[in-house]
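K.L.:
If it helps, the file is called structure06.txt and holds compact mmCIF, C-alpha atoms:
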```
# COMPACT_ATOMS: atom_id res chain seq x y z
CA MET C 30 3.76 -14.78 37.72
CA GLY C 31 5.58 -14.55 34.37
CA ALA C 32 4.10 -14.93 30.90
CA GLU C 33 5.54 -18.43 30.53
CA ASP C 34 3.99 -19.51 33.84
CA ASN C 35 0.62 -18.12 32.74
CA ARG C 36 0.89 -20.00 29.45
CA THR C 37 1.74 -23.28 31.23
CA ARG C 38 -1.15 -22.82 33.66
CA LEU C 39 -3.61 -22.11 30.83
CA LYS C 40 -2.48 -25.17 28.90
CA ALA C 41 -3.02 -27.36 31.92
CA LYS C 42 -6.46 -25.84 32.49
CA LEU C 43 -7.39 -26.30 28.83
CA ARG C 44 -6.21 -29.92 28.89
CA GLU C 45 -8.37 -30.55 31.96
CA LEU C 46 -11.40 -28.87 30.38
CA MET C 47 -11.03 -30.75 27.10
CA ASN C 48 -10.75 -34.09 28.90
CA SER C 49 -13.92 -33.25 30.82
CA ILE C 50 -15.78 -32.21 27.66
CA VAL C 51 -14.73 -35.30 25.69
CA GLU C 52 -15.08 -37.90 28.45
CA ASP C 53 -18.05 -36.61 30.49
CA ASP C 54 -21.40 -36.15 28.73
CA GLY C 55 -22.66 -34.34 31.79
CA THR C 56 -20.15 -31.49 31.50
CA SER C 57 -21.80 -28.11 32.00
CA LEU C 58 -22.02 -25.56 29.21
CA LEU C 59 -19.82 -23.30 31.30
CA ALA C 60 -16.89 -25.67 30.69
CA PHE C 61 -17.23 -25.09 26.94
CA ASP C 62 -17.14 -21.32 27.48
CA ASP C 63 -14.08 -21.66 29.74
CA ALA C 64 -12.32 -23.77 27.11
CA ILE C 65 -13.05 -21.22 24.39
CA GLN C 66 -11.72 -18.41 26.59
CA ALA C 67 -8.56 -20.40 27.41
CA LEU C 68 -7.95 -21.02 23.71
CA LYS C 69 -8.46 -17.34 22.96
CA THR C 70 -5.99 -16.30 25.65
CA LEU C 71 -3.40 -18.82 24.43
CA LYS C 72 -3.88 -17.43 20.92
CA ASP C 73 -3.19 -13.93 22.28
CA PHE C 74 0.01 -15.23 23.90
CA LYS C 75 1.08 -16.74 20.58
CA TYR C 76 0.38 -13.49 18.73
CA SER C 77 2.41 -11.52 21.28
CA SER C 78 5.35 -13.91 21.00
CA ILE C 79 5.41 -13.49 17.21
CA LEU C 80 5.57 -9.69 17.39
CA GLY C 81 7.73 -9.38 20.51
CA ASN C 82 8.10 -5.69 21.40
CA LEU C 83 7.22 -4.47 17.91
CA THR C 84 4.37 -2.00 17.44
CA VAL C 85 2.28 -2.74 14.38
CA PRO C 86 1.69 0.42 12.27
CA PRO C 87 -1.99 1.46 12.52
CA GLU C 88 -2.48 1.10 8.77
CA PHE C 89 -1.44 -2.58 9.03
CA GLN C 90 -3.93 -3.37 11.81
CA CYS C 91 -7.37 -4.81 11.10
CA SER C 92 -10.04 -2.50 12.52
CA LEU C 93 -12.07 -5.55 13.56
CA SER C 94 -9.45 -7.61 15.38
CA GLY C 95 -6.89 -4.93 16.21
CA ARG C 96 -4.19 -7.31 14.97
CA LEU C 97 -1.69 -7.39 12.14
CA ILE C 98 -3.41 -8.01 8.82
CA THR C 99 -1.95 -11.12 7.17
CA ASP C 100 -4.44 -11.58 4.32
CA PRO C 101 -5.70 -8.08 3.36
CA VAL C 102 -8.98 -7.80 1.44
CA PHE C 103 -11.37 -5.04 0.38
CA LEU C 104 -15.08 -5.04 1.14
CA ILE C 105 -17.70 -2.82 -0.50
CA ASN C 106 -16.83 0.11 1.82
CA ASN C 107 -13.27 0.11 0.35
CA GLU C 108 -11.67 -0.38 3.78
CA THR C 109 -9.03 -3.08 4.17
CA TYR C 110 -9.61 -5.94 6.60
CA ASP C 111 -7.97 -9.24 7.43
CA ARG C 112 -9.83 -11.95 5.50
CA LYS C 113 -10.55 -14.22 8.49
CA SER C 114 -11.79 -11.33 10.63
CA ILE C 115 -14.14 -9.86 8.04
CA GLU C 116 -15.51 -13.27 7.05
CA LYS C 117 -16.30 -14.03 10.69
CA TRP C 118 -17.68 -10.55 11.28
CA THR C 119 -20.05 -10.56 8.31
CA ASP C 120 -21.41 -13.89 9.53
CA ASP C 121 -21.75 -12.73 13.14
CA VAL C 122 -23.61 -9.51 12.36
CA ASN C 123 -25.73 -11.01 9.58
CA ARG C 124 -24.26 -8.64 6.99
CA LEU C 125 -24.98 -5.49 8.93
CA PHE C 126 -22.58 -2.59 9.48
CA ASP C 127 -23.13 -1.58 13.08
CA GLN C 128 -21.69 1.89 12.41
CA THR C 129 -24.03 2.81 9.54
CA LYS C 130 -26.89 0.30 9.99
CA ARG C 131 -26.64 -0.26 6.25
CA ILE C 132 -27.19 -3.79 4.99
CA ILE C 133 -24.30 -5.03 2.88
CA SER C 134 -25.79 -6.37 -0.30
CA ASP C 135 -22.42 -7.46 -1.69
CA CYS C 136 -20.00 -9.26 0.60
CA THR C 137 -17.53 -10.08 -2.18
CA LEU C 138 -13.98 -9.80 -0.89
CA ALA C 139 -11.28 -8.48 -3.22
CA PRO C 140 -7.58 -8.99 -2.34
CA ASN C 141 -5.71 -5.77 -1.54
CA ASN C 142 -2.44 -6.55 -3.29
CA SER C 143 -0.83 -3.19 -2.49
CA ALA C 144 -1.41 -3.67 1.23
CA GLN C 145 -0.14 -7.25 1.01
CA CYS C 146 3.12 -6.03 -0.53
CA LEU C 147 3.65 -3.34 2.11
CA ILE C 148 2.77 -5.67 5.01
CA SER C 149 5.03 -8.43 3.69
CA LYS C 150 7.87 -5.93 3.34
CA TRP C 151 7.32 -4.65 6.90
CA CYS C 152 7.29 -8.22 8.25
CA GLU C 153 10.48 -9.06 6.35
CA GLU C 154 12.28 -5.93 7.58
CA ASN C 155 11.25 -6.56 11.19
CA GLY C 156 11.82 -10.30 11.26
CA VAL C 157 8.14 -11.11 11.78
CA ALA C 158 7.36 -14.65 10.63
CA ILE C 159 3.64 -15.12 10.13
CA GLU C 160 2.63 -18.76 10.22
CA ASP C 161 1.13 -19.95 6.97
CA SER C 162 -2.11 -21.87 6.77
CA ASP C 163 -2.08 -25.40 5.37
CA TYR C 164 -3.06 -23.91 2.02
CA ALA C 165 -0.09 -21.54 2.12
CA LYS C 166 2.56 -24.26 1.74
CA LEU C 167 4.22 -25.00 -1.57
CA THR C 168 3.57 -28.56 -2.73
CA GLU C 169 4.24 -30.62 -5.82
CA ASP C 170 0.59 -30.07 -6.68
CA HIS C 171 1.22 -26.31 -6.81
CA LYS C 172 4.11 -26.85 -9.22
CA HIS C 173 1.90 -29.04 -11.37
CA ARG C 174 -0.81 -26.37 -11.32
CA LEU C 175 1.72 -23.76 -12.42
CA HIS C 176 2.75 -25.79 -15.46
CA SER C 177 -0.86 -26.67 -16.24
CA SER C 178 -1.97 -23.04 -16.00
CA LEU C 179 0.92 -21.80 -18.12
CA TYR C 180 -0.05 -24.35 -20.77
CA GLN C 181 -3.70 -23.29 -20.65
CA LEU C 182 -2.64 -19.70 -21.29
CA SER C 183 -1.76 -20.81 -24.82
CA LEU C 184 -5.25 -22.20 -25.49
CA SER C 185 -8.70 -20.66 -26.03
CA GLU C 186 -10.01 -17.61 -24.18
CA PRO C 187 -12.14 -19.53 -21.63
CA GLN C 188 -9.13 -21.61 -20.65
CA GLN C 189 -6.95 -18.50 -20.50
CA LEU C 190 -9.46 -16.82 -18.19
CA LYS C 191 -9.44 -19.81 -15.85
CA ALA C 192 -5.64 -20.13 -15.88
CA ALA C 193 -4.97 -16.42 -15.31
CA LYS C 194 -7.37 -16.38 -12.39
CA GLU C 195 -5.75 -19.43 -10.78
CA LEU C 196 -2.25 -17.96 -11.11
CA ARG C 197 -3.43 -14.71 -9.55
CA GLN C 198 -5.08 -16.53 -6.65
CA LEU C 199 -2.11 -18.80 -6.00
CA THR C 200 0.36 -15.90 -5.92
CA GLU C 201 -1.97 -14.09 -3.54
CA ARG C 202 -2.65 -16.93 -1.11
CA VAL C 203 0.52 -19.06 -1.29
CA PRO C 204 3.58 -16.84 -0.74
CA PRO C 205 6.12 -19.62 -1.58
CA PHE C 206 4.37 -20.04 -4.95
CA ARG C 207 5.84 -16.68 -6.00
CA GLU C 208 9.31 -18.21 -6.02
CA LEU C 209 8.39 -20.22 -9.14
CA PHE C 210 8.21 -17.06 -11.29
CA GLY C 211 11.88 -16.18 -11.07
CA ASN C 212 12.98 -17.46 -14.49
CA GLU C 213 12.66 -16.23 -18.06
CA GLU C 214 10.77 -19.25 -19.36
CA VAL C 215 7.94 -18.85 -16.85
CA ILE C 216 7.75 -15.12 -17.62
CA HIS C 217 7.58 -15.84 -21.36
CA LEU C 218 4.74 -18.33 -20.93
CA LEU C 219 2.92 -16.12 -18.41
CA LEU C 220 2.82 -13.16 -20.78
CA SER C 221 2.17 -15.15 -23.97
CA PRO C 222 -1.54 -14.15 -24.17
CA LEU C 223 -0.42 -10.50 -24.33
CA SER C 224 1.97 -10.94 -27.23
CA GLY C 225 -0.42 -9.10 -29.55
CA GLY C 226 -0.89 -6.23 -27.07
CA ILE C 227 -3.07 -5.76 -24.01
CA HIS C 228 -6.05 -4.72 -26.14
CA CYS C 229 -6.07 -8.09 -27.89
CA VAL C 230 -7.06 -10.09 -24.81
CA HIS C 231 -10.03 -10.17 -22.46
CA PRO C 232 -9.68 -7.34 -19.87
CA GLN C 233 -9.93 -9.83 -17.00
CA ILE C 234 -7.03 -11.88 -18.39
CA HIS C 235 -4.97 -8.71 -18.62
CA GLU C 236 -5.87 -7.67 -15.07
CA ASP C 237 -5.13 -11.09 -13.59
CA LEU C 238 -1.74 -11.36 -15.32
CA VAL C 239 -0.70 -7.88 -14.19
CA THR C 240 -1.78 -8.76 -10.64
CA THR C 241 0.21 -12.01 -10.81
CA VAL C 242 3.31 -10.03 -11.76
CA LEU C 243 2.63 -7.68 -8.83
CA ASN C 244 2.28 -10.57 -6.38
CA ALA C 245 5.45 -12.22 -7.62
CA SER C 246 7.28 -8.86 -7.36
CA ILE C 247 6.96 -8.99 -3.57
CA LEU C 248 10.09 -11.18 -3.65
CA GLU C 249 13.31 -9.21 -4.09
CA ASP C 250 14.94 -11.94 -6.20
CA ASN C 251 12.02 -11.79 -8.64
CA ARG C 252 12.22 -8.00 -8.83
CA LYS C 253 15.86 -8.23 -9.94
CA ILE C 254 14.81 -10.51 -12.80
CA PHE C 255 11.61 -8.69 -13.75
CA VAL C 256 13.23 -5.28 -14.11
CA LYS C 257 15.62 -6.69 -16.72
CA ASP C 258 12.84 -8.29 -18.76
CA LYS C 259 11.61 -5.98 -21.50
CA LYS C 260 8.32 -7.87 -21.78
CA ILE C 261 7.47 -7.07 -18.16
CA THR C 262 8.61 -3.44 -18.22
CA SER C 263 6.67 -2.87 -21.46
CA LEU C 264 3.61 -4.58 -19.97
CA LEU C 265 3.73 -2.34 -16.90
CA THR C 266 4.13 0.82 -18.98
CA ASP C 267 1.21 -0.10 -21.24
CA SER C 268 -0.94 -1.24 -18.32
CA VAL C 269 -0.59 2.01 -16.39
CA ARG C 270 -1.97 3.77 -19.46
CA SER C 271 -4.95 1.56 -20.22
CA GLY C 272 -6.96 -1.40 -18.98
CA SER C 273 -9.26 -1.81 -16.00
CA ILE C 274 -8.65 0.59 -13.13
CA ARG C 275 -7.40 -2.30 -11.00
CA ALA C 276 -4.94 -3.37 -13.70
CA ARG C 277 -3.66 0.21 -13.98
CA SER C 278 -3.43 0.54 -10.21
CA ASN C 279 -1.58 -2.76 -9.77
CA ALA C 280 0.81 -1.92 -12.61
CA ALA C 281 1.62 1.38 -10.88
CA PHE C 282 2.33 -0.37 -7.59
CA THR C 283 4.55 -2.91 -9.35
CA ILE C 284 6.58 -0.02 -10.78
CA PHE C 285 6.87 1.30 -7.22
CA LEU C 286 8.30 -2.05 -6.10
CA LEU C 287 10.68 -2.31 -9.05
CA SER C 288 11.99 1.26 -8.77
CA SER C 289 13.81 0.99 -5.46
CA ASP C 290 17.22 1.25 -7.19
CA GLN C 291 18.50 4.27 -9.13
CA PRO C 292 18.98 2.57 -12.52
CA ASN C 293 15.40 1.29 -12.39
CA ARG C 294 14.07 4.71 -11.39
CA LEU C 295 15.78 6.25 -14.38
CA MET C 296 14.52 3.50 -16.68
CA PHE C 297 10.85 4.02 -15.76
CA GLY C 298 11.21 7.75 -15.17
CA THR C 299 12.58 8.39 -18.65
CA SER C 300 9.95 6.23 -20.36
CA ASP C 301 6.30 6.74 -21.28
CA ALA C 302 5.44 5.27 -17.88
CA LEU C 303 6.04 8.68 -16.26
CA ASP C 304 3.32 10.43 -18.26
CA HIS C 305 0.88 7.56 -17.65
CA LEU C 306 1.57 7.63 -13.90
CA VAL C 307 0.94 11.37 -13.73
CA ARG C 308 -2.38 10.84 -15.53
CA LEU C 309 -3.26 8.02 -13.13
CA LEU C 310 -2.41 10.26 -10.17
CA ASP C 311 -5.35 12.39 -11.28
CA SER C 312 -7.72 9.41 -11.13
CA GLU C 313 -10.83 9.60 -8.97
CA ASN C 314 -10.11 6.04 -7.85
CA GLU C 315 -8.39 6.43 -4.48
CA SER C 316 -6.37 3.21 -4.62
CA ALA C 317 -5.11 3.90 -8.14
CA SER C 318 -4.17 7.47 -7.26
CA LYS C 319 -2.32 6.34 -4.14
CA ASN C 320 -0.38 3.68 -6.02
CA ALA C 321 0.54 6.18 -8.74
CA ALA C 322 1.74 8.60 -6.05
CA SER C 323 3.89 5.87 -4.48
CA ALA C 324 5.50 5.05 -7.81
CA LEU C 325 6.04 8.72 -8.66
CA PHE C 326 7.65 9.36 -5.28
CA ASN C 327 10.25 6.69 -5.97
CA LEU C 328 10.89 7.90 -9.53
CA CYS C 329 11.14 11.54 -8.46
CA LEU C 330 14.05 10.79 -6.19
CA GLU C 331 15.98 11.50 -9.41
CA ASP C 332 16.24 15.21 -10.33
CA VAL C 333 15.71 14.64 -14.03
CA VAL C 334 12.46 12.82 -13.31
CA LYS C 335 11.33 15.68 -11.06
CA GLU C 336 11.78 18.09 -13.96
CA TRP C 337 9.97 15.90 -16.47
CA SER C 338 7.09 15.16 -14.12
CA VAL C 339 6.61 18.91 -13.63
CA GLU C 340 6.44 19.28 -17.41
CA GLU C 341 3.71 16.63 -17.40
CA GLY C 342 1.61 18.74 -15.02
CA ILE C 343 2.13 16.89 -11.74
CA VAL C 344 2.22 20.06 -9.61
CA GLU C 345 -1.18 21.23 -10.84
CA ILE C 346 -2.72 17.82 -10.15
CA ILE C 347 -1.30 17.72 -6.63
CA ILE C 348 -2.51 21.23 -5.83
CA ASP C 349 -6.00 20.36 -7.03
CA LYS C 350 -6.12 17.26 -4.83
CA ILE C 351 -4.94 19.18 -1.78
CA ILE C 352 -7.53 21.91 -2.36
CA ASN C 353 -10.20 19.21 -2.51
CA ASN C 354 -8.83 17.54 0.64
CA ILE C 355 -7.91 14.32 -1.18
CA GLN C 356 -4.94 12.26 0.09
CA VAL C 357 -3.46 15.44 1.54
CA LYS C 358 -0.66 13.79 3.51
CA GLN C 359 0.60 11.71 0.59
CA MET C 360 0.23 14.62 -1.85
CA MET C 361 2.16 16.96 0.44
CA SER C 362 4.93 14.38 0.85
CA LEU C 363 5.28 14.15 -2.92
CA LEU C 364 5.11 17.92 -3.33
CA ALA C 365 7.83 18.45 -0.71
CA LEU C 366 10.07 16.07 -2.64
CA LEU C 367 9.38 17.85 -5.94
CA ALA C 368 10.09 21.24 -4.35
CA GLY C 369 13.74 20.25 -4.29
CA HIS C 370 13.83 21.16 -7.99
CA LEU C 371 13.56 24.72 -9.29
CA SER C 372 11.02 23.80 -11.98
CA ALA C 373 8.58 22.60 -9.31
CA VAL C 374 9.13 25.75 -7.24
CA ASP C 375 8.39 27.89 -10.29
CA ALA C 376 5.23 25.86 -10.95
CA LEU C 377 4.11 26.35 -7.36
CA VAL C 378 4.59 30.10 -7.60
CA GLY C 379 2.89 30.21 -10.99
CA ASN C 380 -0.13 28.42 -9.51
CA GLU C 381 -0.33 30.78 -6.52
CA ALA C 382 0.34 27.96 -4.05
CA VAL C 383 1.72 30.10 -1.22
CA PRO C 384 -1.73 30.97 0.28
CA LEU C 385 -2.67 27.28 0.21
CA LEU C 386 0.54 26.30 2.00
CA LEU C 387 0.01 29.01 4.60
CA ASP C 388 -3.55 27.78 5.18
CA LEU C 389 -2.23 24.26 5.79
CA LEU C 390 0.41 25.64 8.12
CA ARG C 391 -2.23 27.47 10.12
CA GLU C 392 -5.28 25.18 9.96
CA ASN C 393 -4.20 21.59 9.37
CA PRO C 394 -3.73 19.58 12.58
CA GLY C 395 -1.24 17.12 11.07
CA SER C 396 2.33 17.66 12.28
CA LEU C 397 3.83 16.07 9.15
CA ILE C 398 1.67 18.19 6.85
CA LYS C 399 2.89 21.31 8.68
CA GLU C 400 6.45 20.08 8.24
CA TYR C 401 5.94 19.57 4.52
CA SER C 402 4.33 23.00 4.23
CA ILE C 403 7.17 24.91 5.87
CA SER C 404 9.73 22.90 3.89
CA ILE C 405 8.05 23.84 0.60
CA LEU C 406 7.67 27.48 1.67
CA HIS C 407 11.37 27.57 2.49
CA SER C 408 12.21 26.30 -1.00
CA ILE C 409 9.98 28.98 -2.51
CA CYS C 410 11.63 31.73 -0.42
CA LYS C 411 15.09 30.72 -1.58
CA HIS C 412 14.20 31.16 -5.25
CA HIS C 413 11.39 33.77 -5.03
CA PRO C 414 12.33 36.07 -2.14
CA LEU C 415 9.41 38.43 -2.85
CA LYS C 416 7.11 35.71 -1.50
CA LEU C 417 8.54 36.50 1.92
CA LEU C 418 6.13 39.46 1.96
CA GLU C 419 3.12 37.10 1.87
CA ILE C 420 4.64 34.88 4.53
CA ASN C 421 5.42 37.88 6.71
CA ALA C 422 1.81 39.07 6.52
CA GLU C 423 0.69 35.61 7.68
CA GLU C 424 3.17 35.67 10.53
CA GLU C 425 2.15 39.13 11.72
CA GLU C 426 -1.55 38.19 11.76
CA HIS C 427 -1.52 34.59 12.93
CA HIS C 428 2.05 33.86 14.21
CA SER C 429 1.91 30.53 12.35
CA LEU C 430 5.67 30.21 11.93
CA SER C 431 6.41 31.20 15.51
CA ASN C 432 3.94 28.62 16.76
CA LEU C 433 5.49 25.97 14.53
CA ALA C 434 8.99 26.89 15.78
CA VAL C 435 7.78 25.98 19.27
CA SER C 436 5.44 23.03 18.74
CA GLY C 437 6.36 21.45 15.41
CA THR C 438 8.39 18.36 14.63
CA PRO C 439 12.16 18.76 15.13
CA ARG C 440 12.68 19.32 11.41
CA ALA C 441 9.72 21.72 11.18
CA LYS C 442 11.09 23.75 14.10
CA THR C 443 14.48 24.06 12.41
CA ILE C 444 13.05 25.19 9.07
CA ALA C 445 10.54 27.54 10.71
CA ASN C 446 13.36 29.31 12.53
CA ILE C 447 15.32 29.64 9.27
CA VAL C 448 12.33 31.25 7.56
CA LEU C 449 11.71 33.51 10.57
CA ASP C 450 15.29 34.74 10.25
CA LEU C 451 14.66 35.49 6.57
CA LEU C 452 11.57 37.50 7.48
CA LYS C 453 13.75 39.93 9.46
CA PHE C 454 15.03 41.30 6.15
CA VAL C 455 11.55 42.37 4.96
CA ARG C 456 10.44 44.11 8.14
```
Translate the structure of the given file into structure tokens.
P.N.:
Amino acid sequence: MGAEDNRTRLKAKLRELMNSIVEDDGTSLLAFDDAIQALKTLKDFKYSSILGNLTVPPEFQCSLSGRLITDPVFLINNETYDRKSIEKWTDDVNRLFDQTKRIISDCTLAPNNSAQCLISKWCEENGVAIEDSDYAKLTEDHKHRLHSSLYQLSLSEPQQLKAAKELRQLTERVPPFRELFGNEEVIHLLLSPLSGGIHCVHPQIHEDLVTTVLNASILEDNRKIFVKDKKITSLLTDSVRSGSIRARSNAAFTIFLLSSDQPNRLMFGTSDALDHLVRLLDSENESASKNAASALFNLCLEDVVKEWSVEEGIVEIIIDKIINNIQVKQMMSLLALLAGHLSAVDALVGNEAVPLLLDLLRENPGSLIKEYSISILHSICKHHPLKLLEINAEEEEHHSLSNLAVSGTPRAKTIANIVLDLLKFVR
């Protein structure tokens, strides 16, 4: 029996059960359970039809439902969940984490704007159309609320706080609402409270306005307009440097979104934003550091930005994070990109990074991290051939490169064999 036949059969069964429940007061409780199960199964069919044969990346799946996250939020444990799933779960378990048996004293949910951007981009690229809730439809009321909120931003601080919060929430929860920000007049009114500088307004107003810009930047058409607006680019540069950690983090991720094209990478990469992003990379806040790394990766696709970021101390920060086992995969990805420039290679050698890279090659279980390690070591060998002696000692004792040449990723195997050939000259 095919999927369509199963769906038709379930619908007929559900219709029969619902008629029985509504019309017959003597219906058994079992009928209610059967109806709930039929609805759940039909929902699963609907979910499968939306995704087709696509596999949802693990980082986009809610750990509670196992499904694609459509409304990502943070809870106190800093993990991202789908809003509906976590709200239901916290009710069901009476605010108790079954893994830790620790009562959650604060069930406040904070939107994860970075995850929302990445998930929306993945859905757009793969043709996945997630059905919006009734709230997530653009109405004339939404347009009225936009104009009202923009007007309130010109009034007293309490009204500005209320207006900035509403604009942030609407751009988070109503995707079509973001389309209304694609013109210069709206941008001018949106940023009017910041005309005297970000330090002249309440920190929450600043944070909400930066987050609104981030949410609106999910749309490609808006990004094309925003990157040409000096008010927005100046706001993002200033906001990466100072403000609440969430404002700084969201500003960094907005720069990541806006820097997909070369001219924009050069614009941000040759501005003060680069130094501020490198400083933010060193933050203890995981989300802020990750967003800074994402932005820096885009900017460092340009060689001149690689060189300047090395001058700002990016290599030392990355090495320190790897040593402390913090965001190792993302840090290694960024380091492998930087190693395409001689200045970064020299910084790696100057900071005695070869033993660290060899340790990762030998001990780390991640195939991509091993690939990044051998790629960076290869870059070092090309410019500092004496380092082949250290690598040769590692190979003779642990056979790390030989093992990688057999069991690594295709790219890792290729590079490992190249380095093994180089080692023949030092034996």
K.L.:
Quick one: of C:Ser273, C:Ser288, C:Asn48, C:Asn279, who's nearest to Gln233 in chain C, counting all atoms listed in the file?
P.N.:
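Ranking C:Ser273, C:Ser288, C:Asn48, C:Asn279 by distance to Gln233 in chain C, first place goes to C:Ser273.
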K.L.:
Which polymer residues have any atom within 9 Å of an atom of Glu341 in chain C, counting only C-alpha atoms, with same-chain residues fewer than 2 positions away left out, as a list in words?
P.N.:
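Listed by chain and then number, they are Leu303, Asp304, Val307, Arg308, Glu336, Trp337, Ser338, Val339, Ile343 and Val344 of chain C.
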K.L.:
Might you pull out every residue within 9 Å of Arg207 in chain C, with all atoms listed in the file counted and same-chain residues fewer than 5 positions away left off, and present them as a list in words?
P.N.:
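In the requested format, the answer is Leu199, Thr200, Glu201, Thr241, Asn244, Ala245, Ser246, Ile247, Leu248 and Asn251 of chain C.
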K.L.:
Skipping near chain neighbours, those fewer than 5 positions away, what residues fall within 10 Å of Ala322 in chain C using all atoms listed in the file, listed as a ChimeraX atom specification?
P.N.:
/C:281-282,285,306-307,309-311,316-317,327-328,347,356,359-360,362-363
K.L.:
Compare C:Gln181, C:Asn320, C:Ser289, C:Gln90 by their minimum atom-to-atom distance to Asn142 in chain C, counting all atoms listed in the file, and give me the closest one.
P.N.:
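Checking each candidate against Asn142 in chain C, we get C:Asn320 as the closest.
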K.L.:
Env of Lys442 in chain C: 10 Å cut, atoms = only C-alpha atoms, seq-sep filter 4 positions within chain, self excluded. Answer as a count of residues only.
P.N.:
13
K.L.:
Tell me, in Å to one decimal, how far CA of Leu184 in chain C is from CA of Leu265 in chain C.
P.N.:
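Going from CA of Leu184 in chain C over to CA of Leu265 in chain C, I get 23.4 Å.
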K.L.:
Which is closer to Asn314 in chain C than all the others in C:Arg277, C:His370, C:His427, C:Lys411, using all atoms listed in the file?
P.N.:
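Checking each candidate against Asn314 in chain C, we get C:Arg277 as the closest.
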K.L.:
Suppose you want the space between CA of Arg294 in chain C and CA of Ser263 in chain C; what is it in Å?
P.N.:
14.6 Å
K.L.:
Measure the distance from CA of Pro205 in chain C to CA of Leu220 in chain C in Å and round it to one decimal.
P.N.:
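Value for the CA of Pro205 in chain C-CA of Leu220 in chain C distance: 20.5 Å.
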K.L.:
Please identify all polymer residues within 12 Å of Leu190 in chain C, counting all atoms listed in the file, omitting same-chain residues fewer than 3 positions from it, and present them as a PyMOL selection string.
P.N.:
chain C and resi 178-179+181-187+193-197+222+230-238
K.L.:
Go through C:Gln66, C:Glu116, C:Lys358, C:Glu249 and flag the residue nearest Pro394 in chain C, using all atoms listed in the file for the distances.
P.N.:
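The answer is C:Lys358, which sits nearest to Pro394 in chain C.
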K.L.:
Which residue out of C:Ile398, C:Ala445, C:Leu364, C:Leu371 has the minimum interatomic distance to Ile346 in chain C when all atoms listed in the file are used?
P.N.:
C:Leu364
K.L.:
Neighbourhood query: residues within 12 Å of (6.1, 28.2, -10.7), file coordinates, counting only C-alpha atoms; return as a compact mmCIF listing (two decimals) with C-alpha atoms, in the frame of the given file.
P.N.:
```
# COMPACT_ATOMS: atom_id res chain seq x y z
CA VAL C 339 6.61 18.91 -13.63
CA GLU C 340 6.44 19.28 -17.41
CA GLY C 342 1.61 18.74 -15.02
CA VAL C 344 2.22 20.06 -9.61
CA GLU C 345 -1.18 21.23 -10.84
CA LEU C 367 9.38 17.85 -5.94
CA ALA C 368 10.09 21.24 -4.35
CA HIS C 370 13.83 21.16 -7.99
CA LEU C 371 13.56 24.72 -9.29
CA SER C 372 11.02 23.80 -11.98
CA ALA C 373 8.58 22.60 -9.31
CA VAL C 374 9.13 25.75 -7.24
CA ASP C 375 8.39 27.89 -10.29
CA ALA C 376 5.23 25.86 -10.95
CA LEU C 377 4.11 26.35 -7.36
CA VAL C 378 4.59 30.10 -7.60
CA GLY C 379 2.89 30.21 -10.99
CA ASN C 380 -0.13 28.42 -9.51
CA GLU C 381 -0.33 30.78 -6.52
CA ALA C 382 0.34 27.96 -4.05
CA VAL C 383 1.72 30.10 -1.22
CA SER C 408 12.21 26.30 -1.00
CA ILE C 409 9.98 28.98 -2.51
CA HIS C 412 14.20 31.16 -5.25
CA HIS C 413 11.39 33.77 -5.03
CA LYS C 416 7.11 35.71 -1.50
```
K.L.:
As a short mmCIF file (atom, residue, chain, number, x, y, z; two decimals), in the coordinates of the input, could you write out range 396-402 of chain C once it has been completed with N, CA, C and O atoms?
P.N.:
```cif
data_model
loop_
_atom_site.label_atom_id
_atom_site.label_comp_id
_atom_site.auth_asym_id
_atom_site.auth_seq_id
_atom_site.Cartn_x
_atom_site.Cartn_y
_atom_site.Cartn_z
N SER C 396 0.97 17.15 12.08
CA SER C 396 2.33 17.66 12.28
C SER C 396 3.20 17.46 11.04
O SER C 396 4.02 18.31 10.70
N LEU C 397 3.02 16.32 10.35
CA LEU C 397 3.83 16.07 9.15
C LEU C 397 3.42 17.01 8.02
O LEU C 397 4.27 17.48 7.26
N ILE C 398 2.13 17.29 7.90
CA ILE C 398 1.67 18.19 6.85
C ILE C 398 2.23 19.60 7.09
O ILE C 398 2.64 20.29 6.16
N LYS C 399 2.28 20.01 8.35
CA LYS C 399 2.89 21.31 8.68
C LYS C 399 4.37 21.31 8.31
O LYS C 399 4.91 22.30 7.80
N GLU C 400 5.03 20.19 8.59
CA GLU C 400 6.45 20.08 8.24
C GLU C 400 6.66 20.19 6.74
O GLU C 400 7.56 20.89 6.27
N TYR C 401 5.83 19.48 5.98
CA TYR C 401 5.94 19.57 4.52
C TYR C 401 5.68 20.99 4.04
O TYR C 401 6.37 21.50 3.14
N SER C 402 4.69 21.64 4.64
CA SER C 402 4.33 23.00 4.23
C SER C 402 5.48 23.97 4.42
O SER C 402 5.82 24.73 3.51
#
```
